[in-house]
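Step one of this worksheet: look at the structure below.
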Amino acid sequence: MPFHYTIEMLVNEPKAKSILQNEEIINLAEKNETKIEYQNGNLILTCAENQDLDEELVKKF
(Lines give C-alpha, C1' and ligand atoms only; values in the text may rest on other atoms or scores of the structure.)
Protein backbone atom coordinates (compact mmCIF):
# COMPACT_ATOMS: atom_id res chain seq x y z
CA MET A 1 0.00 0.00 0.00
CA PRO A 2 1.55 3.35 -1.01
CA PHE A 3 2.20 6.04 1.57
CA HIS A 4 3.42 9.65 1.72
CA TYR A 5 5.15 11.34 4.64
CA THR A 6 3.98 14.92 5.15
CA ILE A 7 5.30 17.46 7.64
CA GLU A 8 3.67 20.81 8.30
CA MET A 9 5.54 23.56 10.14
CA LEU A 10 4.11 26.87 11.26
CA VAL A 11 6.51 29.56 9.98
CA ASN A 12 6.23 33.23 9.14
CA GLU A 13 6.25 34.37 5.53
CA PRO A 14 9.80 35.83 5.48
CA LYS A 15 11.22 32.57 6.87
CA ALA A 16 9.23 30.54 4.33
CA LYS A 17 10.49 32.70 1.46
CA SER A 18 14.11 32.25 2.56
CA ILE A 19 13.63 28.47 2.75
CA LEU A 20 11.90 28.27 -0.62
CA GLN A 21 14.68 30.31 -2.27
CA ASN A 22 17.60 28.47 -0.66
CA GLU A 23 19.49 26.62 -3.42
CA GLU A 24 20.83 23.95 -1.07
CA ILE A 25 17.33 23.15 0.20
CA ILE A 26 15.91 23.19 -3.34
CA ASN A 27 18.61 20.76 -4.53
CA LEU A 28 18.09 18.38 -1.59
CA ALA A 29 14.33 18.45 -2.10
CA GLU A 30 14.67 17.69 -5.82
CA LYS A 31 17.18 14.91 -5.14
CA ASN A 32 14.78 13.29 -2.67
CA GLU A 33 11.63 14.05 -4.66
CA THR A 34 10.20 16.10 -1.81
CA LYS A 35 7.66 18.82 -2.57
CA ILE A 36 7.94 21.99 -0.47
CA GLU A 37 5.20 24.59 -0.44
CA TYR A 38 3.88 27.39 1.76
CA GLN A 39 0.14 27.67 2.42
CA ASN A 40 -1.79 29.59 5.06
CA GLY A 41 1.22 30.09 7.33
CA ASN A 42 2.37 26.48 7.06
CA LEU A 43 5.46 25.20 5.33
CA ILE A 44 4.51 21.78 3.97
CA LEU A 45 6.96 19.03 2.99
CA THR A 46 5.51 16.07 1.12
CA CYS A 47 7.74 13.14 0.26
CA ALA A 48 7.44 11.10 -2.90
CA GLU A 49 5.35 7.98 -2.74
CA ASN A 50 6.92 5.30 -0.54
CA GLN A 51 9.95 7.49 0.27
CA ASP A 52 11.24 8.28 3.75
CA LEU A 53 11.75 11.84 4.87
CA ASP A 54 15.33 12.98 4.32
CA GLU A 55 16.91 13.87 7.66
CA GLU A 56 19.49 16.17 6.06
CA LEU A 57 16.74 18.18 4.38
CA VAL A 58 14.81 18.62 7.62
CA LYS A 59 17.98 19.73 9.45
CA LYS A 60 18.29 22.66 6.99
CA PHE A 61 15.10 24.17 8.38
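Numbering starts fresh at 1 for the residues of each chain in the C-alpha coordinates, the chains themselves are lettered A, B, ... in the order given, and ligands are numbered from 1 as they appear.
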Worksheet entry | Test item, alpha helix (DSSP H) assignment across chain A, answer as a VMD selection string | chain A and resid 13 to 20 23 to 31 55 to 59
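For Glu37 (chain A), the set of protein, DNA and RNA residues having any atom at most 10 Å away, when counting only C-alpha atoms and skipping those fewer than 5 positions along the same chain, is A:Glu8, A:Ala16, A:Lys17, A:Ile19, A:Leu20, A:Asn42, A:Leu43, A:Ile44, A:Leu45, A:Thr46.
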Item to complete: In Å, rounded to a single decimal, give me how far CA of Met1 (chain A) is from CA of Ile26 (chain A).
Response: 28.3 Å
Worksheet item: Using only C-alpha atoms, which residues sit within 12 Å of region 29-35 of chain A once same-chain residues fewer than 3 positions away are excluded, as a PyMOL selection string?
Response: chain A and resi 4-8+19-26+38+43-58+60-61
Atoms kept (N, CA and C atoms) for selection, written as an mmCIF file, in the first residue's frame:
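And here's part_16.cif as it stands now:
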```cif
data_model
loop_
_atom_site.group_PDB
_atom_site.id
_atom_site.type_symbol
_atom_site.label_atom_id
_atom_site.label_comp_id
_atom_site.auth_asym_id
_atom_site.auth_seq_id
_atom_site.Cartn_x
_atom_site.Cartn_y
_atom_site.Cartn_z
ATOM 1 N N HIS A 4 2.685 8.391 1.860
ATOM 2 C CA HIS A 4 3.419 9.655 1.725
ATOM 3 C C HIS A 4 3.650 10.217 3.120
ATOM 4 N N TYR A 5 4.881 10.598 3.415
ATOM 5 C CA TYR A 5 5.147 11.339 4.640
ATOM 6 C C TYR A 5 4.900 12.813 4.349
ATOM 7 N N THR A 6 4.221 13.481 5.267
ATOM 8 C CA THR A 6 3.981 14.915 5.146
ATOM 9 C C THR A 6 4.287 15.564 6.485
ATOM 10 N N ILE A 7 5.011 16.669 6.431
ATOM 11 C CA ILE A 7 5.301 17.456 7.636
ATOM 12 C C ILE A 7 4.804 18.868 7.389
ATOM 13 N N GLU A 8 4.122 19.420 8.363
ATOM 14 C CA GLU A 8 3.674 20.810 8.304
ATOM 15 C C GLU A 8 4.316 21.569 9.458
ATOM 16 N N ILE A 19 13.500 29.918 2.932
ATOM 17 C CA ILE A 19 13.630 28.474 2.748
ATOM 18 C C ILE A 19 13.356 28.093 1.301
ATOM 19 N N LEU A 20 12.294 28.627 0.737
ATOM 20 C CA LEU A 20 11.898 28.273 -0.625
ATOM 21 C C LEU A 20 12.868 28.793 -1.687
ATOM 22 N N GLN A 21 13.714 29.762 -1.330
ATOM 23 C CA GLN A 21 14.679 30.311 -2.271
ATOM 24 C C GLN A 21 16.098 29.813 -2.020
ATOM 25 N N ASN A 22 16.283 28.983 -1.017
ATOM 26 C CA ASN A 22 17.601 28.471 -0.656
ATOM 27 C C ASN A 22 17.995 27.349 -1.634
ATOM 28 N N GLU A 23 19.057 27.573 -2.392
ATOM 29 C CA GLU A 23 19.489 26.617 -3.423
ATOM 30 C C GLU A 23 19.831 25.244 -2.842
ATOM 31 N N GLU A 24 20.463 25.226 -1.679
ATOM 32 C CA GLU A 24 20.833 23.947 -1.066
ATOM 33 C C GLU A 24 19.582 23.143 -0.703
ATOM 34 N N ILE A 25 18.584 23.816 -0.155
ATOM 35 C CA ILE A 25 17.326 23.153 0.198
ATOM 36 C C ILE A 25 16.601 22.697 -1.063
ATOM 37 N N ILE A 26 16.568 23.545 -2.078
ATOM 38 C CA ILE A 26 15.915 23.192 -3.341
ATOM 39 C C ILE A 26 16.563 21.941 -3.942
ATOM 40 N N TYR A 38 4.313 26.548 0.649
ATOM 41 C CA TYR A 38 3.881 27.394 1.762
ATOM 42 C C TYR A 38 2.422 27.749 1.542
ATOM 43 N N LEU A 43 4.505 25.739 6.288
ATOM 44 C CA LEU A 43 5.461 25.203 5.325
ATOM 45 C C LEU A 43 5.200 23.706 5.281
ATOM 46 N N ILE A 44 4.919 23.176 4.107
ATOM 47 C CA ILE A 44 4.508 21.782 3.972
ATOM 48 C C ILE A 44 5.530 21.022 3.134
ATOM 49 N N LEU A 45 6.048 19.934 3.698
ATOM 50 C CA LEU A 45 6.958 19.033 2.994
ATOM 51 C C LEU A 45 6.214 17.740 2.742
ATOM 52 N N THR A 46 6.169 17.320 1.482
ATOM 53 C CA THR A 46 5.510 16.068 1.122
ATOM 54 C C THR A 46 6.509 15.213 0.356
ATOM 55 N N CYS A 47 6.785 14.050 0.896
ATOM 56 C CA CYS A 47 7.740 13.140 0.264
ATOM 57 C C CYS A 47 7.087 12.390 -0.888
ATOM 58 N N ALA A 48 7.922 11.916 -1.791
ATOM 59 C CA ALA A 48 7.438 11.100 -2.900
ATOM 60 C C ALA A 48 6.840 9.808 -2.353
ATOM 61 N N GLU A 49 5.998 9.217 -3.149
ATOM 62 C CA GLU A 49 5.345 7.977 -2.743
ATOM 63 C C GLU A 49 6.362 6.929 -2.303
ATOM 64 N N ASN A 50 6.111 6.369 -1.134
ATOM 65 C CA ASN A 50 6.924 5.297 -0.541
ATOM 66 C C ASN A 50 8.365 5.708 -0.226
ATOM 67 N N GLN A 51 8.614 7.003 -0.063
ATOM 68 C CA GLN A 51 9.955 7.495 0.274
ATOM 69 C C GLN A 51 9.977 8.020 1.706
ATOM 70 N N ASP A 52 11.066 7.744 2.400
ATOM 71 C CA ASP A 52 11.239 8.279 3.748
ATOM 72 C C ASP A 52 11.603 9.750 3.677
ATOM 73 N N LEU A 53 11.364 10.443 4.757
ATOM 74 C CA LEU A 53 11.749 11.837 4.874
ATOM 75 C C LEU A 53 13.257 11.926 5.009
ATOM 76 N N ASP A 54 13.879 12.825 4.272
ATOM 77 C CA ASP A 54 15.326 12.977 4.319
ATOM 78 C C ASP A 54 15.726 13.805 5.535
ATOM 79 N N GLU A 55 16.489 13.208 6.419
ATOM 80 C CA GLU A 55 16.909 13.867 7.658
ATOM 81 C C GLU A 55 17.761 15.105 7.384
ATOM 82 N N GLU A 56 18.634 15.033 6.392
ATOM 83 C CA GLU A 56 19.490 16.175 6.062
ATOM 84 C C GLU A 56 18.661 17.373 5.600
ATOM 85 N N LEU A 57 17.609 17.109 4.843
ATOM 86 C CA LEU A 57 16.736 18.175 4.382
ATOM 87 C C LEU A 57 16.039 18.858 5.565
ATOM 88 N N VAL A 58 15.510 18.074 6.461
ATOM 89 C CA VAL A 58 14.808 18.622 7.621
ATOM 90 C C VAL A 58 15.758 19.434 8.507
ATOM 91 N N LYS A 60 18.044 21.351 7.607
ATOM 92 C CA LYS A 60 18.288 22.658 6.990
ATOM 93 C C LYS A 60 17.260 23.697 7.418
ATOM 94 N N PHE A 61 16.137 23.252 7.954
ATOM 95 C CA PHE A 61 15.096 24.170 8.383
ATOM 96 C C PHE A 61 15.392 24.689 9.764
#
```
Practice prompt. Identify, with DSSP run on backbone atoms, the residues in chain A assigned to strand (DSSP E or B), and express the list as a list in words.
Written response: Thr6, Ile7, Glu8, Met9, Leu10, Lys35, Ile36, Glu37, Tyr38, Gln39, Asn42, Leu43, Ile44, Leu45 and Thr46 of chain A
